[in-house]
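Visitor: Structure supplied as run07.cif; contents: mmCIF, C-alpha atoms and all ligand atoms.
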data_entry
#
loop_
_atom_site.label_atom_id
_atom_site.label_comp_id
_atom_site.auth_asym_id
_atom_site.auth_seq_id
_atom_site.Cartn_x
_atom_site.Cartn_y
_atom_site.Cartn_z
CA MET Y 11 207.46 188.35 133.05
CA SER Y 12 210.07 187.75 130.38
CA SER Y 13 211.66 184.51 129.28
CA VAL Y 14 214.50 183.42 131.53
CA LEU Y 15 216.53 182.71 128.39
CA THR Y 16 216.67 186.45 127.62
CA GLU Y 17 218.97 186.90 130.62
CA LYS Y 18 222.40 188.13 129.70
CA ARG Y 19 224.40 185.01 130.54
CA PHE Y 20 222.31 183.04 128.02
CA GLN Y 21 222.85 185.61 125.26
CA ASP Y 22 226.26 187.16 125.72
CA GLU Y 23 229.54 185.27 125.79
CA THR Y 24 231.36 187.64 128.18
CA ALA Y 25 228.42 187.58 130.61
CA ALA Y 26 228.42 183.77 130.43
CA PHE Y 27 232.10 183.67 131.43
CA VAL Y 28 231.52 186.07 134.32
CA TYR Y 29 228.61 183.91 135.53
CA VAL Y 30 230.55 180.64 135.36
CA GLU Y 31 233.69 182.17 136.91
CA ALA Y 32 231.70 183.38 139.92
CA ARG Y 33 230.51 179.81 140.54
CA VAL Y 34 233.70 177.89 139.79
CA TRP Y 35 235.97 180.36 141.63
CA PRO Y 36 233.91 181.59 144.60
CA HIS Y 37 237.06 182.06 146.71
CA GLY Y 38 239.34 183.59 144.09
CA ARG Y 39 240.62 182.68 140.66
CA VAL Y 40 242.42 179.33 140.73
CA CYS Y 41 245.08 178.44 138.16
CA PRO Y 42 244.08 174.98 136.89
CA HIS Y 43 247.72 174.22 136.00
CA CYS Y 44 249.51 174.90 139.30
CA GLY Y 45 246.67 175.58 141.75
CA VAL Y 46 247.69 179.02 143.01
CA VAL Y 47 244.84 181.34 143.95
CA ASP Y 48 244.51 184.96 142.86
CA GLN Y 49 247.89 185.25 141.20
CA SER Y 50 246.81 185.82 137.65
CA GLY Y 51 245.81 188.64 135.38
CA ALA Y 52 243.38 189.03 132.51
CA LEU Y 53 244.88 188.95 129.05
CA LYS Y 54 243.03 191.64 127.20
CA GLY Y 55 243.27 192.70 123.61
CA ALA Y 56 241.56 191.93 120.36
CA SER Y 57 243.62 188.82 119.69
CA ASN Y 58 242.89 187.23 123.05
CA ARG Y 59 239.95 184.98 123.77
CA ILE Y 60 237.22 185.97 126.21
CA GLY Y 61 237.97 184.99 129.78
CA LEU Y 62 241.67 184.37 129.19
CA TYR Y 63 244.06 184.79 132.13
CA LYS Y 64 247.76 184.32 132.62
CA CYS Y 65 249.12 182.75 135.79
CA TYR Y 66 251.97 184.78 137.34
CA ALA Y 67 253.27 181.68 139.13
CA CYS Y 68 253.54 179.13 136.31
CA ARG Y 69 253.26 181.60 133.41
CA LYS Y 70 250.59 179.49 131.69
CA PRO Y 71 247.39 180.88 130.22
CA PHE Y 72 243.99 179.51 131.23
CA THR Y 73 240.24 180.12 131.16
CA VAL Y 74 237.51 178.90 133.49
CA LYS Y 75 236.79 176.13 130.98
CA VAL Y 76 240.09 174.31 131.64
CA GLY Y 77 239.54 171.07 133.55
CA THR Y 78 235.74 171.24 133.25
CA ILE Y 79 233.10 169.64 131.04
CA PHE Y 80 233.43 172.70 128.77
CA GLU Y 81 237.10 172.16 128.02
CA SER Y 82 237.95 171.81 124.33
CA SER Y 83 234.33 172.29 123.32
CA HIS Y 84 233.79 174.59 120.36
CA VAL Y 85 230.28 175.43 121.58
CA GLN Y 86 230.01 178.91 123.04
CA LEU Y 87 229.64 179.12 126.79
CA HIS Y 88 226.30 180.96 126.71
CA ILE Y 89 224.88 178.12 124.60
CA TRP Y 90 226.20 175.65 127.20
CA LEU Y 91 224.37 177.62 129.89
CA GLN Y 92 221.16 177.45 127.85
CA ALA Y 93 221.60 173.68 127.52
CA MET Y 94 222.20 173.26 131.26
CA HIS Y 95 219.14 175.32 132.06
CA LEU Y 96 216.99 173.21 129.74
CA VAL Y 97 218.25 169.90 131.17
CA CYS Y 98 217.88 171.07 134.76
CA SER Y 99 214.41 172.54 134.32
CA SER Y 100 212.85 169.67 132.34
CA LYS Y 101 211.38 167.26 134.86
CA LYS Y 102 211.68 164.19 132.64
CA GLY Y 103 214.81 165.30 130.82
CA ILE Y 104 215.36 166.63 127.31
CA SER Y 105 216.46 164.59 124.32
CA ALA Y 106 219.57 165.19 122.23
CA ASN Y 107 217.25 165.79 119.30
CA GLN Y 108 215.39 168.52 121.14
CA LEU Y 109 218.65 170.20 122.23
CA HIS Y 110 219.86 169.99 118.63
CA ARG Y 111 216.76 171.73 117.33
CA THR Y 112 216.48 174.29 120.12
CA LEU Y 113 220.13 175.30 120.34
CA GLY Y 114 221.04 175.03 116.67
CA VAL Y 115 223.98 172.69 117.24
CA THR Y 116 224.45 169.42 115.36
CA LEU Y 117 222.78 166.29 116.71
CA LYS Y 118 226.16 164.79 117.49
CA THR Y 119 227.20 167.87 119.44
CA ALA Y 120 223.86 167.95 121.26
CA TRP Y 121 224.25 164.30 122.25
CA PHE Y 122 227.73 164.96 123.59
CA MET Y 123 226.61 168.07 125.47
CA GLY Y 124 223.81 166.09 127.12
CA HIS Y 125 226.26 163.49 128.38
CA ARG Y 126 228.69 166.08 129.68
CA ILE Y 127 225.92 167.91 131.50
CA ARG Y 128 224.79 164.63 133.06
CA GLU Y 129 228.36 164.05 134.17
CA ALA Y 130 228.36 167.46 135.86
CA MET Y 131 225.13 166.48 137.62
CA ARG Y 132 226.80 163.41 139.13
CA ASP Y 133 227.40 163.87 142.83
CA GLY Y 134 230.17 162.19 144.70
CA GLY Y 135 231.24 161.74 148.30
CA LEU Y 136 228.13 162.99 150.00
CA SER Y 137 227.19 162.32 153.61
CA PRO Y 138 224.85 159.36 154.20
CA LEU Y 139 221.09 159.72 153.86
CA GLY Y 140 218.85 159.35 156.90
CA GLY Y 141 221.25 160.89 159.41
CA GLY Y 142 219.57 161.92 162.67
CA GLY Y 143 217.01 159.12 162.38
CA GLY Y 144 215.42 160.12 159.09
CA THR Y 145 213.38 157.72 156.99
CA VAL Y 146 214.99 156.22 153.88
CA GLU Y 147 212.98 154.28 151.34
CA ILE Y 148 214.91 151.76 149.27
CA ASP Y 149 213.82 150.03 146.10
CA GLU Y 150 215.20 148.77 142.84
CA THR Y 151 213.95 148.64 139.28
CA VAL Y 152 215.03 147.25 135.96
CA GLN Y 153 215.91 149.52 133.06
CA GLY Y 154 216.69 148.15 129.60
CA ARG Y 155 218.40 144.98 128.48
CA ILE Y 156 222.05 144.27 129.19
CA GLU Y 157 223.83 144.53 125.86
CA GLY Y 158 224.20 141.15 124.19
CA ALA Y 159 222.44 139.25 126.96
CA PRO Y 160 219.86 136.81 125.56
CA LYS Y 161 216.41 136.94 127.07
CA PRO Y 162 216.13 133.83 129.25
CA LYS Y 163 213.23 131.45 128.57
CA ASN Y 164 212.40 131.18 132.23
CA ILE Y 165 212.81 134.46 134.10
CA LYS Y 166 211.35 133.24 137.38
CA GLY Y 167 214.38 134.09 139.47
CA GLY Y 168 215.33 136.87 137.43
CA ARG Y 169 215.49 140.54 137.33
CA SER Y 170 219.23 140.12 137.31
CA GLY Y 171 221.11 138.55 134.50
CA TYR Y 172 219.63 140.05 131.40
CA ARG Y 173 218.34 143.46 132.45
CA ASN Y 174 220.10 146.43 134.00
CA VAL Y 175 219.20 147.05 137.61
CA ALA Y 176 219.00 150.45 139.29
CA LEU Y 177 218.99 150.79 143.07
CA THR Y 178 217.54 153.98 144.53
CA LEU Y 179 217.65 155.38 148.05
CA VAL Y 180 215.31 158.26 148.84
CA GLU Y 181 215.25 160.15 152.10
CA ARG Y 182 211.73 161.39 152.78
CA GLY Y 183 211.66 165.15 152.40
CA GLY Y 184 215.21 165.05 151.06
CA SER Y 185 217.52 163.66 148.42
CA ALA Y 186 217.56 160.68 146.09
CA ARG Y 187 220.67 158.67 145.27
CA SER Y 188 220.66 156.02 142.55
CA PHE Y 189 223.13 153.39 141.42
CA HIS Y 190 223.50 151.09 138.47
CA VAL Y 191 224.11 147.72 140.14
CA THR Y 192 224.89 144.37 138.58
CA GLY Y 193 222.06 142.50 140.27
CA THR Y 194 219.89 142.13 143.34
CA THR Y 195 222.08 139.90 145.47
CA ILE Y 196 222.81 140.85 149.08
CA ALA Y 197 226.51 140.92 148.22
CA GLU Y 198 225.87 143.53 145.55
CA LEU Y 199 223.34 145.73 147.32
CA LYS Y 200 224.52 145.68 150.93
CA PRO Y 201 227.83 147.56 150.54
CA VAL Y 202 226.16 150.28 148.46
CA ILE Y 203 223.36 150.75 150.98
CA LEU Y 204 225.67 150.67 154.01
CA ALA Y 205 227.94 153.27 152.42
CA ASN Y 206 225.08 155.64 151.65
CA VAL Y 207 222.55 155.32 154.48
CA ALA Y 208 223.22 156.29 158.12
CA ARG Y 209 222.87 153.44 160.64
CA GLU Y 210 220.39 155.49 162.69
CA ALA Y 211 218.04 155.72 159.70
CA GLN Y 212 214.61 154.08 159.58
CA ILE Y 213 214.51 151.89 156.51
CA MET Y 214 211.39 151.09 154.46
CA THR Y 215 211.35 148.53 151.65
CA ASP Y 216 209.09 146.04 149.97
CA GLN Y 217 209.34 142.37 150.91
CA ALA Y 218 212.09 141.37 148.52
CA ALA Y 219 214.23 138.53 149.86
CA TRP Y 220 217.44 140.55 150.10
CA TYR Y 221 216.17 143.25 152.44
CA PRO Y 222 215.82 141.54 155.88
CA GLU Y 223 219.57 140.98 156.21
CA ILE Y 224 220.41 144.45 154.96
CA GLY Y 225 217.66 146.11 157.01
CA ALA Y 226 218.96 144.51 160.23
CA GLU Y 227 221.93 146.89 160.05
CA PHE Y 228 219.73 149.94 160.65
CA ALA Y 229 217.75 151.44 163.55
CA SER Y 230 214.54 149.99 162.15
CA HIS Y 231 213.31 148.21 159.06
CA ASP Y 232 209.66 148.09 158.00
CA THR Y 233 208.19 146.53 154.91
CA VAL Y 234 205.01 146.78 152.88
CA ASN Y 235 203.65 143.69 151.20
CA HIS Y 236 203.01 144.62 147.59
CA ALA Y 237 202.04 141.01 146.80
CA LYS Y 238 199.06 141.50 149.09
CA ASP Y 239 198.28 144.91 147.61
CA GLU Y 240 199.57 146.67 150.69
CA TYR Y 241 201.17 150.00 149.79
CA VAL Y 242 200.68 152.18 152.87
CA ARG Y 243 200.36 151.08 156.47
CA ARG Y 244 199.76 153.60 159.21
CA GLU Y 245 201.40 152.71 162.50
CA ALA Y 246 201.41 154.60 165.79
CA ASP Y 247 204.60 156.54 165.14
CA LYS Y 248 205.23 156.06 161.46
CA LEU Y 249 203.88 155.71 157.98
CA VAL Y 250 205.15 152.50 156.40
CA THR Y 251 205.34 152.86 152.63
CA THR Y 252 207.72 152.96 149.70
CA ASN Y 253 205.53 155.37 147.76
CA THR Y 254 208.23 158.07 147.77
CA VAL Y 255 210.79 155.94 145.97
CA GLU Y 256 208.04 154.58 143.69
CA GLY Y 257 207.24 158.19 142.83
CA TYR Y 258 210.87 158.78 141.93
CA TYR Y 259 210.79 155.76 139.63
CA SER Y 260 207.60 156.89 137.94
CA ILE Y 261 209.34 160.12 136.84
CA PHE Y 262 212.48 158.19 135.88
CA LYS Y 263 210.52 155.61 133.86
CA ARG Y 264 208.49 158.22 132.05
CA GLY Y 265 211.67 160.09 131.17
CA MET Y 266 213.57 157.03 130.02
CA LYS Y 267 210.66 155.78 127.97
CA GLY Y 268 209.32 159.04 126.61
CA ILE Y 269 212.40 161.21 126.24
CA TYR Y 270 215.56 159.12 126.06
CA GLN Y 271 214.25 155.87 124.54
CA HIS Y 272 217.63 154.31 123.97
CA CYS Y 273 219.99 154.17 126.87
CA VAL Y 274 223.18 152.25 126.46
CA GLU Y 275 224.00 150.56 129.76
CA LYS Y 276 227.35 152.26 130.20
CA HIS Y 277 225.50 155.59 130.35
CA LEU Y 278 222.78 154.45 132.77
CA HIS Y 279 224.60 155.85 135.82
CA ARG Y 280 224.66 159.28 134.16
CA TYR Y 281 220.94 159.26 133.45
CA LEU Y 282 220.34 158.24 137.07
CA ALA Y 283 222.53 161.14 138.19
CA GLU Y 284 220.43 163.50 136.10
CA PHE Y 285 217.15 162.35 137.66
CA ASP Y 286 218.74 162.33 141.13
CA LEU Y 287 219.90 165.94 140.86
CA ARG Y 288 216.53 167.21 139.70
CA TYR Y 289 214.70 165.19 142.36
CA SER Y 290 217.06 166.20 145.17
CA ASN Y 291 216.72 169.86 144.17
CA ARG Y 292 213.02 169.86 143.39
CA ALA Y 293 210.67 172.82 143.57
CA ARG Y 294 208.93 171.37 146.61
CA LEU Y 295 212.19 171.73 148.54
CA GLY Y 296 212.34 175.38 147.53
CA VAL Y 297 214.85 175.03 144.69
CA ASN Y 298 213.89 176.89 141.51
CA ASP Y 299 215.13 176.20 137.98
CA VAL Y 300 217.99 178.72 138.16
CA ALA Y 301 219.24 177.44 141.52
CA ARG Y 302 219.01 173.86 140.24
CA ALA Y 303 221.11 174.70 137.16
CA ASP Y 304 223.61 176.40 139.49
CA ARG Y 305 223.93 173.16 141.48
CA ALA Y 306 224.80 171.37 138.24
CA LEU Y 307 227.23 174.14 137.35
CA LYS Y 308 229.12 173.51 140.59
CA GLY Y 309 229.75 169.97 139.34
CA ILE Y 310 231.49 170.88 136.08
CA VAL Y 311 235.01 170.86 137.55
CA GLY Y 312 237.08 167.71 137.18
CA LYS Y 313 234.46 166.02 135.02
CA ARG Y 314 236.08 166.35 131.66
CA LEU Y 315 234.89 163.63 129.30
CA THR Y 316 236.73 162.71 126.16
CA TYR Y 317 234.83 161.66 123.11
CA GLN Y 318 236.20 158.13 123.35
CA THR Y 319 234.70 157.47 126.78
CA THR Y 320 231.19 158.36 125.64
CA ALA Y 321 231.13 157.26 122.01
CA ASN Y 322 228.16 155.12 120.87
ZN ZN M 1 249.64 178.50 137.44
#
In structure tokens, how does this file's structure come out?
Guide:
Amino acid sequence: MSSVLTEKRFQDETAAFVYVEARVWPHGRVCPHCGVVDQSGALKGASNRIGLYKCYACRKPFTVKVGTIFESSHVQLHIWLQAMHLVCSSKKGISANQLHRTLGVTLKTAWFMGHRIREAMRDGGLSPLGGGGGTVEIDETVQGRIEGAPKPKNIKGGRSGYRNVALTLVERGGSARSFHVTGTTIAELKPVILANVAREAQIMTDQAAWYPEIGAEFASHDTVNHAKDEYVRREADKLVTTNTVEGYYSIFKRGMKGIYQHCVEKHLHRYLAEFDLRYSNRARLGVNDVARADRALKGIVGKRLTYQTTAN
């Protein structure tokens, strides 16, 4: 068995373009300027860049990189594919420093690539979890201090206020979806949960004060009492536990602590997207590293990030 990184798309720039084009344009080559399909021709010749086409409708040139996370990047596409493979196949993530050393790009470039790849991994507008009566476990955790917020002397009431809060929904045997929320009030959590979980779902949570009202919106709501050391309760027709979402957080926490270390709060949603994509496309669901990187590749379109929006 040879290293996956010896495959042609990771080594050869033309092969990388062919690979990305097949995924971005599965139904024909789309002009990113005017939107027409299959009305363009390759511009060949020594002076032309790899993967350059000219649209017959609007007369403008384009490559598959236009309008994607790769646009205006000086990094070669096959190096981008290596980076995406590394991010998608590393369970706890991969640091900018590691990408810098492995890929031979500058640290600053590696950091920017990491953020763009995370942006590609961000999923939008998906159907709700727990459709057809599936079980959805819901929990929240704190991750890092809110910038500039002083640590309160008395934090009795308070996960909210000075630390960033992540809310995660995990369908058992399925996907995870996480959100950076401003706090754990019902007003904050309820709209997010209602928008992302099907009403026919069976909800499982711990006994936090905000869940009874939210849980009443769903087919059923069961809780485990962590304060009394109850983590799993077997009932006639169901297993009441939040161990699945806790398992998600244990990977997330180990990654954020061990790999990323510093996460500025404005980037938290991107890190959550990264862990969500890997979790939702995990090996246990039959998704291998290559297929997982392909899922991320499908998300490159329309996710262009400028340097200004990610600086710091
Ligand atoms: Zn055009």
Visitor: Could you list, as a VMD selection string, all the residues within 7 Å of ligand ZN 1 (chain M), counting all atoms listed in the file?
Guide: chain Y and resid 41 to 46 65 to 70
Visitor: Which value, in Å to one decimal, gives the distance between atom CA of Lys276 of chain Y and atom CA of Ile89 of chain Y?
Guide: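 Separation of atom CA of Lys276 of chain Y and atom CA of Ile89 of chain Y: 26.6 Å.
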Visitor: Nearest to Ile213 of chain Y: which of Y:Pro160, Y:Glu256, Y:Ala197, Y:Asp149 is it, counting only C-alpha atoms?
Guide: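 Of Y:Pro160, Y:Glu256, Y:Ala197, Y:Asp149, the one nearest Ile213 of chain Y is Y:Asp149, counting only C-alpha atoms.
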Visitor: Quick check, in Å to one decimal: how far apart do atom CA of Gly114 of chain Y and atom CA of Ser100 of chain Y lie?
Guide: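 Atom CA of Gly114 of chain Y sits 18.5 Å away from atom CA of Ser100 of chain Y.
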Visitor: Smallest atom-to-atom distance to Ala159 of chain Y: which of Y:His231, Y:Leu117, Y:Ile104, Y:Glu275, using all atoms listed in the file?
Guide: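 Going through Y:His231, Y:Leu117, Y:Ile104, Y:Glu275 one by one, the smallest distance to Ala159 of chain Y is for Y:Glu275.
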Visitor: Would you list the contacts of Glu284 of chain Y as a list in words, taking every protein, DNA or RNA residue within 9 Å and counting all atoms listed in the file, but skipping same-chain residues closer than 5 positions in sequence?
Guide: Val97, Cys98, Gly103, Ile127, Arg128, Glu129, Ala130, Met131, Arg132, His279 and Tyr289 of chain Y
Visitor: Hey, which of Y:Tyr172, Y:Phe80, Y:Tyr63, Y:Phe189 ends up closest to Phe122 of chain Y? Count only C-alpha atoms.
Guide: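 Ranked by minimum distance to Phe122 of chain Y, first place goes to Y:Phe80.
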Visitor: Do a neighbour search on Leu15 of chain Y at 12 Å with all atoms listed in the file, toss out local chain neighbours closer than 5 positions, and write the hits as a ChimeraX atom specification.
Guide: /Y:20-22,88-89,91-96,99,112-113,299-300
Visitor: For Leu307 of chain Y, which residue among Y:Ile79, Y:Lys18, Y:Leu199, Y:Gly61 is the nearest when counting only C-alpha atoms?
Guide: Y:Ile79
Visitor: Considering only C-alpha atoms, state which residue in the set Y:Leu179, Y:Ile196, Y:Ala52, Y:Leu282 is at the smallest distance from Gln212 of chain Y.
Guide: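 Looking only at the distances to Gln212 of chain Y, the closest residue turns out to be Y:Leu179.
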Visitor: Counting all atoms listed in the file, which residue out of Y:Leu204, Y:Gly140, Y:Gly184, Y:Met123 sits closest to Leu295 of chain Y?
Guide: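 Of Y:Leu204, Y:Gly140, Y:Gly184, Y:Met123, the one nearest Leu295 of chain Y, counting all atoms listed in the file, is Y:Gly184.
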Visitor: Considering only C-alpha atoms, return as a list of chain:residue names whatever protein or nucleic-acid residues lie within 8 Å of Gln153 of chain Y, sequence-local ones (same chain, fewer than 6 positions apart) excluded.
Guide: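 Answer for this query is Y:Arg173, Y:Asn174, Y:Val175, Y:Ala176.
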Visitor: To one decimal place, how far is atom CA of Ala218 of chain Y from atom CA of Ile203 of chain Y in Å?
Guide: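 So the answer is 14.9 Å.
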Visitor: Might you pull out every residue within 9 Å of Ser290 of chain Y, with all atoms listed in the file counted and same-chain residues fewer than 3 positions away left off, and present them as a PyMOL selection string?
Guide: chain Y and resi 180+184-187+285-287+295
Visitor: Residues within 9 Å of Ile60 of chain Y, please, as a PyMOL selection string. Count only C-alpha atoms; anything in the same chain fewer than 2 positions from it doesn't count.
Guide: chain Y and resi 23-24+27+53-54+58+62+73
